[in-house]
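> Contents of run-v3.cif (mmCIF, C-alpha atoms and all ligand atoms) are below:
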data_target
loop_
_atom_site.label_atom_id
_atom_site.label_comp_id
_atom_site.auth_asym_id
_atom_site.auth_seq_id
_atom_site.Cartn_x
_atom_site.Cartn_y
_atom_site.Cartn_z
CA MET A 1 5.45 -2.44 25.73
CA ARG A 2 2.62 -0.95 23.71
CA ILE A 3 3.15 -0.43 20.02
CA ALA A 4 0.94 1.46 17.56
CA LEU A 5 0.54 -0.13 14.14
CA MET A 6 -0.55 2.11 11.30
CA SER A 7 -0.16 2.21 7.56
CA ASP A 8 -0.78 3.77 4.17
CA PHE A 9 -1.20 7.47 4.98
CA HIS A 10 -0.96 8.35 1.29
CA LEU A 11 0.05 11.95 2.01
CA GLY A 12 -0.33 13.86 -1.21
CA PHE A 13 -3.41 11.93 -2.32
CA VAL A 14 -5.80 14.54 -3.59
CA GLN A 15 -9.36 14.21 -4.73
CA ALA A 16 -11.81 17.02 -5.26
CA GLU A 17 -13.63 18.03 -2.08
CA ARG A 18 -11.46 15.89 0.15
CA GLU A 19 -8.00 17.31 -0.43
CA ASN A 20 -7.19 17.22 3.28
CA ASP A 21 -8.42 13.74 4.16
CA ALA A 22 -5.02 12.04 3.86
CA PHE A 23 -3.33 14.62 6.07
CA GLU A 24 -6.10 14.95 8.64
CA ASN A 25 -6.50 11.21 9.04
CA ALA A 26 -2.78 10.46 9.33
CA LYS A 27 -2.50 13.24 11.89
CA LYS A 28 -5.40 11.83 13.89
CA ALA A 29 -3.81 8.37 13.84
CA VAL A 30 -0.56 9.69 15.29
CA GLU A 31 -2.43 11.87 17.79
CA LEU A 32 -4.38 8.84 19.00
CA ALA A 33 -1.15 6.86 19.41
CA ILE A 34 0.32 9.72 21.44
CA LYS A 35 -2.81 9.97 23.56
CA GLU A 36 -2.53 6.25 24.25
CA ASN A 37 1.05 6.85 25.34
CA VAL A 38 2.51 4.09 23.17
CA ASP A 39 6.22 3.29 23.29
CA LEU A 40 6.72 2.94 19.58
CA ILE A 41 4.95 3.68 16.29
CA LEU A 42 5.30 1.40 13.27
CA ILE A 43 4.22 2.57 9.81
CA SER A 44 4.08 -0.17 7.21
CA GLY A 45 4.56 1.79 4.01
CA ASP A 46 2.90 4.23 1.61
CA ILE A 47 3.40 7.22 3.85
CA PHE A 48 3.39 9.18 0.58
CA HIS A 49 1.09 8.77 -2.38
CA GLU A 50 3.73 9.72 -4.92
CA GLU A 51 7.31 8.57 -5.19
CA VAL A 52 8.35 12.22 -5.40
CA PRO A 53 6.03 13.98 -2.96
CA ASP A 54 5.49 17.68 -3.47
CA ALA A 55 6.42 20.28 -0.88
CA SER A 56 2.98 20.28 0.70
CA ALA A 57 3.03 16.50 1.27
CA LEU A 58 6.54 16.78 2.71
CA LEU A 59 5.40 19.55 5.03
CA GLN A 60 2.47 17.39 6.15
CA ALA A 61 4.84 14.53 6.95
CA ILE A 62 7.11 16.87 8.93
CA GLU A 63 4.13 18.14 10.92
CA ILE A 64 2.90 14.63 11.66
CA PHE A 65 6.30 13.18 12.56
CA SER A 66 6.97 16.24 14.73
CA LEU A 67 3.94 15.41 16.84
CA ALA A 68 5.53 12.10 17.81
CA LYS A 69 8.95 13.70 18.16
CA ASN A 70 7.66 16.31 20.62
CA ALA A 71 5.37 13.97 22.53
CA LYS A 72 8.00 13.15 25.15
CA SER A 73 11.15 14.89 26.25
CA GLU A 74 13.21 11.71 26.46
CA LYS A 75 15.32 10.31 23.66
CA THR A 76 15.40 6.67 22.70
CA LYS A 77 18.14 4.60 21.19
CA VAL A 78 17.21 2.44 18.21
CA VAL A 79 19.87 0.23 16.66
CA LYS A 80 19.48 -0.52 12.98
CA VAL A 81 21.20 -3.55 11.50
CA LYS A 82 21.48 -3.88 7.76
CA ASN A 83 23.81 -6.28 5.94
CA GLY A 84 25.50 -6.96 9.26
CA GLU A 85 26.29 -3.28 9.80
CA LYS A 86 25.01 -1.54 12.92
CA ARG A 87 23.91 2.06 13.09
CA GLU A 88 22.62 3.82 16.16
CA PHE A 89 19.82 6.35 16.12
CA LEU A 90 18.80 8.57 18.97
CA LEU A 91 15.16 9.45 18.39
CA ALA A 92 13.31 12.11 20.34
CA GLY A 93 9.81 11.49 21.65
CA ILE A 94 7.97 8.39 20.47
CA PRO A 95 10.19 6.63 17.92
CA ILE A 96 8.73 5.90 14.50
CA ILE A 97 9.97 2.93 12.51
CA ALA A 98 8.81 2.67 8.90
CA ILE A 99 9.25 0.81 5.64
CA HIS A 100 8.54 2.12 2.16
CA GLY A 101 5.46 1.10 0.26
CA THR A 102 4.88 0.57 -3.41
CA HIS A 103 3.95 4.22 -3.87
CA GLU A 104 7.13 5.83 -2.63
CA PHE A 105 9.70 3.31 -3.80
CA ARG A 106 12.04 4.88 -6.34
CA GLY A 107 14.16 1.94 -7.41
CA ARG A 108 17.51 1.26 -5.85
CA ASP A 109 19.36 3.79 -7.98
CA TYR A 110 17.62 6.68 -6.23
CA ILE A 111 17.23 8.01 -2.72
CA ASN A 112 13.65 7.68 -1.53
CA TYR A 113 11.95 10.13 0.78
CA LEU A 114 11.93 7.85 3.79
CA GLN A 115 15.73 7.80 3.69
CA LEU A 116 15.56 11.57 3.78
CA PHE A 117 13.31 11.55 6.84
CA GLU A 118 15.63 9.06 8.53
CA SER A 119 18.57 11.37 7.96
CA ALA A 120 16.58 14.26 9.38
CA GLY A 121 16.08 12.28 12.59
CA PHE A 122 12.32 11.71 12.29
CA ILE A 123 12.16 7.97 11.65
CA VAL A 124 14.19 4.81 11.32
CA TYR A 125 13.71 3.38 7.84
CA LEU A 126 14.01 -0.34 7.23
CA HIS A 127 14.46 -2.26 4.01
CA ALA A 128 15.77 -5.80 4.41
CA ALA A 129 17.00 -4.57 7.77
CA LYS A 130 16.06 -4.79 11.42
CA ALA A 131 15.69 -2.30 14.24
CA ILE A 132 16.32 -3.15 17.87
CA TYR A 133 14.63 -1.21 20.63
CA GLU A 134 15.04 -1.95 24.31
CA LYS A 135 13.13 -0.53 27.23
CA GLN A 136 13.07 -1.63 30.86
CA GLY A 137 14.55 -5.01 30.09
CA GLU A 138 12.19 -5.70 27.21
CA LYS A 139 13.67 -6.11 23.75
CA ILE A 140 11.72 -5.51 20.55
CA VAL A 141 13.18 -6.42 17.17
CA ILE A 142 11.43 -5.13 14.05
CA HIS A 143 12.43 -6.85 10.84
CA GLY A 144 11.32 -4.69 7.92
CA LEU A 145 11.15 -5.17 4.18
CA GLY A 146 9.75 -2.37 2.04
CA GLY A 147 7.34 -3.10 -0.81
CA VAL A 148 8.89 -4.98 -3.75
CA PRO A 149 7.18 -5.82 -7.07
CA GLU A 150 4.46 -8.36 -6.26
CA LYS A 151 5.69 -11.01 -8.66
CA LYS A 152 9.05 -11.14 -6.90
CA ALA A 153 7.82 -10.73 -3.32
CA CYS A 154 7.87 -14.40 -2.40
CA ASP A 155 11.40 -14.88 -3.74
CA VAL A 156 12.75 -11.71 -2.17
CA LEU A 157 11.32 -12.61 1.23
CA LYS A 158 12.94 -16.05 1.08
CA LEU A 159 16.27 -14.62 -0.04
CA TRP A 160 16.27 -12.02 2.71
CA ASN A 161 15.28 -14.78 5.11
CA PRO A 162 14.77 -12.80 8.34
CA LYS A 163 15.38 -14.77 11.53
CA PRO A 164 13.65 -13.95 14.81
CA GLU A 165 16.05 -13.19 17.66
CA SER A 166 15.91 -15.10 20.90
CA ASN A 167 14.76 -13.36 24.10
CA ALA A 168 12.99 -10.67 22.15
CA PHE A 169 9.55 -9.78 20.81
CA ASN A 170 10.01 -10.15 17.05
CA ILE A 171 7.90 -8.22 14.58
CA LEU A 172 8.06 -8.71 10.84
CA MET A 173 6.89 -5.67 8.86
CA LEU A 174 6.00 -5.96 5.16
CA HIS A 175 4.12 -4.12 2.44
CA GLN A 176 2.72 -6.69 0.00
CA SER A 177 -0.48 -8.23 -1.30
CA LEU A 178 -1.46 -11.57 0.18
CA LYS A 179 -3.31 -14.07 -1.98
CA GLU A 180 -5.86 -15.07 0.64
CA LEU A 181 -6.82 -11.51 1.38
CA LEU A 182 -7.52 -10.27 -2.10
CA PRO A 183 -11.17 -10.20 -3.03
CA PHE A 184 -11.61 -12.33 -6.14
CA GLU A 185 -12.86 -9.44 -8.23
CA ASP A 186 -9.77 -7.43 -7.37
CA GLU A 187 -7.24 -6.56 -10.03
CA MET A 188 -4.31 -6.60 -7.60
CA VAL A 189 -1.86 -9.47 -7.95
CA ALA A 190 0.02 -11.38 -5.28
CA SER A 191 2.77 -14.00 -5.19
CA LEU A 192 2.77 -14.30 -1.40
CA SER A 193 0.30 -16.27 0.60
CA ILE A 194 0.04 -16.40 4.39
CA ALA A 195 1.72 -19.83 4.27
CA ASP A 196 4.81 -18.23 2.71
CA LEU A 197 5.25 -15.84 5.63
CA PRO A 198 8.13 -17.04 7.80
CA GLU A 199 7.45 -18.64 11.15
CA GLY A 200 8.71 -17.72 14.57
CA PHE A 201 7.65 -14.07 14.62
CA ASP A 202 5.46 -12.90 17.46
CA LEU A 203 3.68 -10.54 15.11
CA ILE A 204 3.59 -9.85 11.38
CA VAL A 205 2.36 -6.42 10.28
CA ASN A 206 1.54 -5.86 6.64
CA GLY A 207 0.67 -2.65 4.82
CA HIS A 208 -0.54 -2.24 1.23
CA LEU A 209 -3.97 -3.79 1.77
CA HIS A 210 -6.19 -0.85 2.64
CA TRP A 211 -8.82 -2.68 4.67
CA GLN A 212 -7.85 -3.68 8.19
CA ASN A 213 -7.77 -7.33 9.12
CA VAL A 214 -6.38 -9.71 11.73
CA PHE A 215 -5.42 -13.34 11.20
CA LYS A 216 -4.36 -15.91 13.75
CA GLU A 217 -3.57 -19.30 12.31
CA ASN A 218 -0.77 -21.89 12.32
CA ASN A 219 1.19 -19.96 14.91
CA LYS A 220 1.08 -16.83 12.81
CA PHE A 221 -0.35 -13.61 14.09
CA LEU A 222 -0.91 -11.25 11.19
CA VAL A 223 -2.20 -7.72 11.57
CA ILE A 224 -3.12 -5.49 8.65
CA PRO A 225 -3.72 -1.97 9.94
CA GLY A 226 -5.30 -0.83 6.65
CA SER A 227 -4.91 2.65 5.24
CA THR A 228 -5.87 5.73 7.19
CA VAL A 229 -7.54 7.21 4.11
CA ILE A 230 -9.78 5.89 1.36
CA THR A 231 -8.00 6.16 -1.98
CA GLN A 232 -9.38 3.74 -4.53
CA MET A 233 -12.80 3.26 -2.92
CA LYS A 234 -12.77 -0.51 -2.87
CA ARG A 235 -15.79 -2.42 -1.71
CA LEU A 236 -14.09 -3.85 1.39
CA GLU A 237 -13.15 -0.40 2.63
CA ALA A 238 -16.81 0.49 2.94
CA LYS A 239 -17.26 -2.26 5.50
CA LYS A 240 -14.44 -1.35 7.81
CA ALA A 241 -13.59 1.89 9.54
CA LYS A 242 -10.17 3.48 9.25
CA GLY A 243 -7.88 3.56 12.23
CA LEU A 244 -4.86 2.03 13.91
CA TYR A 245 -4.05 -0.97 16.06
CA ILE A 246 -2.30 -0.95 19.38
CA ILE A 247 -0.67 -4.14 20.57
CA ASP A 248 0.53 -4.95 24.05
CA THR A 249 3.63 -7.10 23.61
CA LYS A 250 3.26 -8.72 27.05
CA THR A 251 -0.38 -9.80 26.85
CA LEU A 252 -0.77 -9.78 23.04
CA ALA A 253 -3.97 -7.80 23.57
CA LEU A 254 -4.78 -6.04 20.32
CA ASN A 255 -7.06 -3.00 20.11
CA PHE A 256 -8.37 -1.21 17.08
CA LEU A 257 -8.93 2.50 17.51
CA GLU A 258 -11.16 4.17 14.97
CA LEU A 259 -10.20 7.60 13.74
CA PRO A 260 -12.68 10.09 15.16
CA GLU A 261 -15.15 11.81 12.81
CA GLN A 262 -13.97 10.03 9.71
CA ARG A 263 -15.72 10.41 6.42
CA LYS A 264 -18.27 7.65 5.80
CA PHE A 265 -17.96 5.55 2.69
CA PHE A 266 -20.82 3.64 1.05
CA TYR A 267 -20.38 1.16 -1.75
CA TYR A 268 -23.27 -0.23 -3.77
CA LYS A 269 -23.34 -2.66 -6.63
CA LEU A 270 -26.55 -2.50 -8.65
CA GLU A 271 -27.33 -5.21 -11.17
CA PHE A 272 -29.59 -4.76 -14.15
CA GLU A 273 -30.93 -7.01 -16.86
CA ASN A 274 -31.91 -5.54 -20.20
CA ALA A 275 -32.69 -2.27 -18.50
CA SER A 276 -33.36 1.02 -20.22
CA CYS A 277 -31.17 4.01 -19.36
CA GLU A 278 -34.16 5.68 -17.69
CA GLU A 279 -34.63 2.68 -15.38
CA VAL A 280 -31.00 2.76 -14.37
CA VAL A 281 -31.05 6.48 -13.61
CA LYS A 282 -34.29 6.11 -11.63
CA ARG A 283 -32.90 3.34 -9.45
CA VAL A 284 -29.67 5.20 -8.73
CA SER A 285 -31.64 8.32 -7.90
CA GLU A 286 -33.89 6.46 -5.46
CA LEU A 287 -30.92 4.89 -3.75
CA LEU A 288 -29.15 8.22 -3.31
CA SER A 289 -32.31 10.02 -2.13
CA GLU A 290 -32.83 7.47 0.60
CA LEU A 291 -29.21 7.28 1.72
CA LEU A 292 -28.75 11.04 1.75
CA SER A 293 -31.96 11.80 3.60
CA LYS A 294 -29.81 11.37 6.72
CA ASP A 295 -27.30 13.98 7.85
CA PHE A 296 -23.59 13.31 7.96
CA ASN A 297 -20.99 15.48 9.67
CA LYS A 298 -18.75 15.20 6.61
CA LYS A 299 -20.01 14.69 3.08
CA PRO A 300 -19.95 10.91 2.66
CA LEU A 301 -18.25 9.15 -0.22
CA VAL A 302 -20.61 7.06 -2.29
CA LYS A 303 -19.50 4.70 -4.99
CA ILE A 304 -22.11 2.98 -7.12
CA LYS A 305 -21.13 0.24 -9.48
CA LEU A 306 -23.62 -0.54 -12.25
CA THR A 307 -23.40 -3.98 -13.81
CA GLY A 308 -25.47 -6.36 -15.91
CA SER A 309 -26.92 -5.47 -19.28
CA LEU A 310 -28.82 -2.69 -20.95
CA ALA A 311 -31.73 -3.32 -23.25
CA LYS A 312 -31.07 -3.49 -26.96
CA GLY A 313 -30.56 -0.07 -28.47
CA TYR A 314 -29.24 1.44 -25.24
CA SER A 315 -25.61 2.18 -24.55
CA GLN A 316 -24.04 3.24 -21.28
CA GLU A 317 -22.74 6.38 -22.98
CA ASN A 318 -26.36 7.53 -23.09
CA LEU A 319 -26.88 7.25 -19.35
CA GLU A 320 -27.66 10.73 -18.16
CA LEU A 321 -25.71 10.66 -14.96
CA GLU A 322 -24.48 14.26 -14.90
CA THR A 323 -27.87 15.71 -13.99
CA LEU A 324 -28.19 13.10 -11.31
CA LEU A 325 -24.76 13.83 -9.84
CA GLU A 326 -25.52 17.55 -9.92
CA LYS A 327 -28.64 16.94 -7.85
CA PHE A 328 -26.73 15.29 -5.01
CA LYS A 329 -23.44 17.13 -5.12
CA GLU A 330 -24.20 19.25 -2.07
CA LYS A 331 -24.83 16.19 0.06
CA ALA A 332 -22.22 13.64 -0.98
CA ILE A 333 -19.18 12.91 -3.10
CA VAL A 334 -20.69 10.43 -5.51
CA SER A 335 -18.92 8.40 -8.14
CA ILE A 336 -20.74 6.08 -10.51
CA ASP A 337 -18.95 3.33 -12.33
CA ALA A 338 -20.99 1.94 -15.22
CA ASP A 339 -19.68 -1.44 -16.24
CA PHE A 340 -22.38 -2.94 -18.43
CA VAL A 341 -21.55 -5.83 -20.74
CA HIS A 342 -19.18 -4.35 -23.24
CA GLU A 343 -19.04 -4.45 -26.98
CA GLN A 344 -15.78 -5.92 -28.32
CA PHE A 345 -14.52 -2.49 -29.29
CA GLU A 346 -14.87 -1.16 -25.78
CA LYS A 347 -13.14 -4.14 -24.21
CA LYS A 348 -9.90 -3.16 -25.86
CA PHE A 349 -9.89 0.02 -23.85
CA ALA A 350 -10.92 -1.57 -20.58
CA MET A 351 -7.35 -1.98 -19.35
CA LEU A 352 -6.46 1.61 -20.13
CA SER A 353 -9.52 3.00 -18.46
CA ASP A 354 -8.97 0.79 -15.38
CA MET A 355 -5.50 2.17 -15.08
CA GLN A 356 -6.79 5.69 -15.41
CA LYS A 357 -9.24 5.03 -12.63
CA GLU A 358 -6.38 3.95 -10.43
CA LYS A 359 -4.77 7.24 -11.27
CA LYS A 360 -1.58 5.56 -12.36
CA SER A 361 0.97 7.87 -13.83
CA LEU A 362 1.81 7.71 -17.50
CA ILE A 363 5.21 6.37 -16.51
CA GLU A 364 3.62 3.49 -14.62
CA LEU A 365 1.27 2.88 -17.52
CA GLY A 366 4.21 2.75 -19.92
CA PHE A 367 6.09 0.44 -17.61
CA GLU A 368 3.21 -2.02 -17.35
CA LEU A 369 2.72 -2.09 -21.10
CA LEU A 370 6.42 -2.77 -21.58
CA GLU A 371 6.37 -5.52 -18.96
CA LYS A 372 3.29 -7.07 -20.54
CA ASN A 373 4.81 -7.00 -24.02
CA LEU A 374 8.13 -8.42 -22.82
CA ALA A 375 6.32 -11.25 -21.04
CA GLU A 376 5.04 -12.40 -24.42
CA THR A 377 8.57 -12.62 -25.86
CA ASN A 378 11.51 -14.91 -24.95
CA PHE A 379 12.97 -12.08 -22.88
CA ASN A 380 12.96 -14.39 -19.84
CA ASN A 381 13.81 -11.78 -17.20
CA ALA A 382 17.13 -10.99 -18.85
CA PHE A 383 17.37 -7.76 -16.86
CA ASP A 384 15.53 -5.89 -14.16
CA ILE A 385 12.97 -4.08 -16.29
CA ARG A 386 11.76 -1.80 -13.56
CA ARG A 387 15.25 -0.65 -12.70
CA ILE A 388 16.21 0.00 -16.30
CA PHE A 389 12.92 1.78 -16.87
CA ARG A 390 13.48 4.05 -13.88
CA LEU A 391 16.94 4.94 -15.14
CA LEU A 392 15.64 5.76 -18.60
CA GLU A 393 12.74 7.71 -17.09
CA ASN A 394 15.30 9.86 -15.27
CA GLY A 395 17.51 10.30 -18.32
CA ASP A 396 20.33 8.14 -16.94
CA VAL A 397 20.84 6.46 -20.30
CA GLU A 398 24.53 5.78 -19.72
CA ARG A 399 23.91 3.91 -16.45
CA ALA A 400 21.11 1.88 -18.06
CA ARG A 401 23.43 0.96 -20.92
CA GLU A 402 26.13 -0.13 -18.45
CA LEU A 403 23.69 -2.37 -16.62
CA LEU A 404 22.47 -3.95 -19.84
CA MET A 405 26.05 -4.57 -20.96
CA GLU A 406 27.00 -6.06 -17.57
CA ARG A 407 24.07 -8.41 -17.79
CA LYS A 408 25.04 -9.45 -21.27
CA GLN A 409 28.48 -10.49 -20.08
CA VAL A 410 27.13 -12.28 -17.02
CA ASN A 411 24.79 -14.27 -19.20
CA LYS A 412 27.64 -15.39 -21.38
CA LYS A 413 29.75 -16.54 -18.47
CA GLU A 414 27.41 -18.34 -16.13
CA GLU A 415 24.24 -20.37 -16.05
CA PRO A 416 21.36 -17.91 -16.07
CA ILE A 417 19.27 -19.85 -13.58
CA LYS A 418 20.08 -19.74 -9.91
CA GLU A 419 18.57 -22.19 -7.50
CA ASN A 420 17.81 -19.74 -4.77
CA ALA A 421 14.07 -19.52 -4.96
CA GLU A 422 11.94 -22.29 -3.57
CA GLU A 423 9.51 -24.07 -5.79
CA LYS A 424 6.41 -23.44 -3.78
CA CYS A 425 6.59 -19.79 -4.72
CA ALA A 426 4.08 -19.04 -7.40
CA SER A 427 6.46 -16.61 -9.02
CA THR A 428 8.76 -17.77 -11.76
CA GLY A 429 11.58 -15.43 -10.81
CA LYS A 430 14.29 -18.00 -10.34
CA LYS A 431 16.95 -15.49 -11.28
CA VAL A 432 16.08 -13.08 -8.51
CA LYS A 433 18.95 -11.75 -6.41
CA LEU A 434 18.29 -9.96 -3.15
CA SER A 435 20.70 -7.23 -4.22
CA ASP A 436 18.36 -6.39 -7.10
CA PHE A 437 15.83 -5.13 -4.58
CA VAL A 438 17.74 -4.02 -1.53
MN MN B 1 -1.29 1.94 -0.20
#
For the file at hand, write its structure as structure tokens.
Ligand SMILES: [Mn+2]

Amino acid sequence: MRIALMSDFHLGFVQAERENDAFENAKKAVELAIKENVDLILISGDIFHEEVPDASALLQAIEIFSLAKNAKSEKTKVVKVKNGEKREFLLAGIPIIAIHGTHEFRGRDYINYLQLFESAGFIVYLHAAKAIYEKQGEKIVIHGLGGVPEKKACDVLKLWNPKPESNAFNILMLHQSLKELLPFEDEMVASLSIADLPEGFDLIVNGHLHWQNVFKENNKFLVIPGSTVITQMKRLEAKKAKGLYIIDTKTLALNFLELPEQRKFFYYKLEFENASCEEVVKRVSELLSELLSKDFNKKPLVKIKLTGSLAKGYSQENLELETLLEKFKEKAIVSIDADFVHEQFEKKFAMLSDMQKEKKSLIELGFELLEKNLAETNFNNAFDIRRIFRLLENGDVERARELLMERKQVNKKEEPIKENAEEKCASTGKKVKLSDFV
């Protein structure tokens, strides 16, 4: 069987001058899979950029899923097993099996949009569940776990404890950070390392990390398809093209297909020492002039990170970058990130501005501040903060109160610590229950 592996479409991601990139790229990925006549398409999370996608992102998803649905006239049976319960799906065309990512997860008190697309017959959605697909005597079992908060990922994976089935090609599909694969300067966190990934699976596919990668070690075969669109403009994304993988389950041959005519992305880090603002502007200008002397079929993305120090008396606020950006705006989408050695005062705002750069919502910002503040108290994971926060965010005060009261009683009755997380997990979440996430 041949299976297409793709991830992180981020439909609904919008940035000036490239509003359609997310849609166009995701569409191209599915079109390529159809052209390759694959038997199955797996999407490992973050189909949507927002947890509540707007109508245009929903329409885009319908258009893309419809391509796969109409690619073949036959219908295929996919059996989903969750908590021991079986449910049969009859999917038209090329079946799509997906998990949620961190972007579209709404907490377990709410229906997420992948559930909606499952009900509409477009996909089979897995979260701590497996899907079984059989064709011409070959059996494929996809064990899927949607994105969970990074700190709990290792515990949740161990609690779920997926087991490969015999006489089948077993795929484990996740959406988490992995310690080994994070660049050291990255602000993302991870509690899972490759060693924590369970053994016995023929293939592990992981979303979330936006730069594609393949690892084969200690009997583990890990494929990270990467995103189909550039969102945060990370350095590693400049080195690798966007696309999808196709795996042949018989031969294990793995092919990466690049999306045609994708927007180029260039990342530069320029270091300065006691430079004047004029020197900085001159160097950036020279770099851009040279790079953009070539022609590109789509305006390239250029990110320039400025680091080091400015000479005494200069401040990065005085860098005259607007005129410079104006000069090149017809040729490229340029963003310049000045990160010169900060004064103490500015450091205090560094976290806030980083979050703004990531375009986190105010809600997410509030949640992280709350989590950070609680971590400094003796709160000790007394309740699921994220869940309570979601409920309050949605005005379900009564339900939040009930949960807090329940927890209070539980704490009185039993020992708060459960021994169901293994010690080698870096996370401290010993009180994690699978039902808190699934
Ligand atoms: Mn993503």
> Measuring between only C-alpha atoms and all ligand atoms, which one of A:Ala253, A:Ile43, A:Leu5, A:Ala238 shows the shortest distance to ligand MN 1 (chain B)?
A:Ile43
> Skipping near chain neighbours, those fewer than 5 positions away, what residues fall within 10 Å of region 370-377 of chain A using only C-alpha atoms, listed as a list in words?
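Listing them by chain and then by number gives Glu364, Leu365, Ile385, Arg386 and Phe389 of chain A.
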> Which of these, A:Gly144, A:Pro225, A:Gly107, A:Gly395, has the shortest distance to ligand MN 1 (chain B) once you count only C-alpha atoms and all ligand atoms?
A:Pro225
> List all protein, DNA and RNA residues that have an atom no more than 7 Å from any atom of ligand MN 1 (chain B), counting only C-alpha atoms and all ligand atoms, and report them as an mmCIF file with C-alpha atoms, in the frame of the given file.

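Result file is selection_15.cif:
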data_model
loop_
_atom_site.group_PDB
_atom_site.id
_atom_site.type_symbol
_atom_site.label_atom_id
_atom_site.label_comp_id
_atom_site.auth_asym_id
_atom_site.auth_seq_id
_atom_site.Cartn_x
_atom_site.Cartn_y
_atom_site.Cartn_z
ATOM 1 C CA ASP A 8 -0.780 3.770 4.170
ATOM 2 C CA HIS A 10 -0.960 8.350 1.290
ATOM 3 C CA ASP A 46 2.900 4.230 1.610
ATOM 4 C CA GLY A 101 5.460 1.100 0.260
ATOM 5 C CA HIS A 103 3.950 4.220 -3.870
ATOM 6 C CA HIS A 208 -0.540 -2.240 1.230
ATOM 7 C CA LEU A 209 -3.970 -3.790 1.770
ATOM 8 C CA HIS A 210 -6.190 -0.850 2.640
ATOM 9 C CA SER A 227 -4.910 2.650 5.240
#
> Could you produce a table of the residues of region 197-293 of chain A lying within 7 Å of region 309-313 of chain A, with the nearest pair of atoms per residue and their separation in Å rounded to one decimal, using all atoms listed in the file, ordered by chain and increasing residue number, as a tab-separated table?

residue	atom	partner	partner_atom	distance
A:Phe272	CA	A:Ser309	CA	5.8
A:Glu273	CA	A:Ser309	CA	4.9
A:Asn274	CA	A:Ala311	CA	3.8
A:Ala275	CA	A:Leu310	CA	4.6
A:Ser276	CA	A:Ala311	CA	5.5
> Do you know which residues are at most 12 Å from region 32-36 of chain A counting only C-alpha atoms, after dropping those on the same chain fewer than 2 positions away, and could you put them as a ChimeraX atom specification?
/A:1-6,25-30,38-43,64-72,93-96,243-248,255-260
> Rounded to one decimal in Å, what is the spacing between CA of Met173 (chain A) and CA of Ile230 (chain A)?
21.6 Å
> For Lys433 (chain A), which residue out of A:His49, A:Arg18, A:Lys130, A:Lys158 is the nearest one, using all atoms listed in the file?
A:Lys158
> Because the input lacks atoms here, generate N, CA and C atoms for region 144-156 of chain A and report them as a PDB file, keeping the file's coordinate frame.

ATOM      1  N   GLY A 144      12.154  -5.373   8.920  1.00  0.00           N
ATOM      2  CA  GLY A 144      11.320  -4.690   7.920  1.00  0.00           C
ATOM      3  C   GLY A 144      11.809  -4.871   6.497  1.00  0.00           C
ATOM      4  N   LEU A 145      10.847  -5.094   5.619  1.00  0.00           N
ATOM      5  CA  LEU A 145      11.150  -5.170   4.180  1.00  0.00           C
ATOM      6  C   LEU A 145      10.142  -4.273   3.466  1.00  0.00           C
ATOM      7  N   GLY A 146      10.638  -3.263   2.766  1.00  0.00           N
ATOM      8  CA  GLY A 146       9.750  -2.370   2.040  1.00  0.00           C
ATOM      9  C   GLY A 146       9.079  -3.110   0.882  1.00  0.00           C
ATOM     10  N   GLY A 147       8.076  -2.475   0.289  1.00  0.00           N
ATOM     11  CA  GLY A 147       7.340  -3.100  -0.810  1.00  0.00           C
ATOM     12  C   GLY A 147       8.253  -3.404  -1.991  1.00  0.00           C
ATOM     13  N   VAL A 148       8.159  -4.610  -2.527  1.00  0.00           N
ATOM     14  CA  VAL A 148       8.890  -4.980  -3.750  1.00  0.00           C
ATOM     15  C   VAL A 148       7.839  -5.392  -4.779  1.00  0.00           C
ATOM     16  N   PRO A 149       8.196  -5.431  -6.081  1.00  0.00           N
ATOM     17  CA  PRO A 149       7.180  -5.820  -7.070  1.00  0.00           C
ATOM     18  C   PRO A 149       6.525  -7.161  -6.684  1.00  0.00           C
ATOM     19  N   GLU A 150       5.205  -7.199  -6.774  1.00  0.00           N
ATOM     20  CA  GLU A 150       4.460  -8.360  -6.260  1.00  0.00           C
ATOM     21  C   GLU A 150       4.966  -9.694  -6.783  1.00  0.00           C
ATOM     22  N   LYS A 151       5.292  -9.725  -8.061  1.00  0.00           N
ATOM     23  CA  LYS A 151       5.690 -11.010  -8.660  1.00  0.00           C
ATOM     24  C   LYS A 151       6.947 -11.575  -8.025  1.00  0.00           C
ATOM     25  N   LYS A 152       7.779 -10.693  -7.475  1.00  0.00           N
ATOM     26  CA  LYS A 152       9.050 -11.140  -6.900  1.00  0.00           C
ATOM     27  C   LYS A 152       8.982 -11.261  -5.376  1.00  0.00           C
ATOM     28  N   ALA A 153       7.873 -10.859  -4.782  1.00  0.00           N
ATOM     29  CA  ALA A 153       7.820 -10.730  -3.320  1.00  0.00           C
ATOM     30  C   ALA A 153       8.169 -12.017  -2.588  1.00  0.00           C
ATOM     31  N   CYS A 154       7.631 -13.124  -3.067  1.00  0.00           N
ATOM     32  CA  CYS A 154       7.870 -14.400  -2.400  1.00  0.00           C
ATOM     33  C   CYS A 154       9.363 -14.751  -2.438  1.00  0.00           C
ATOM     34  N   ASP A 155       9.958 -14.579  -3.590  1.00  0.00           N
ATOM     35  CA  ASP A 155      11.400 -14.880  -3.740  1.00  0.00           C
ATOM     36  C   ASP A 155      12.247 -13.962  -2.866  1.00  0.00           C
ATOM     37  N   VAL A 156      11.939 -12.676  -2.919  1.00  0.00           N
ATOM     38  CA  VAL A 156      12.750 -11.710  -2.170  1.00  0.00           C
ATOM     39  C   VAL A 156      12.676 -12.000  -0.665  1.00  0.00           C
TER      40      VAL A 156
END
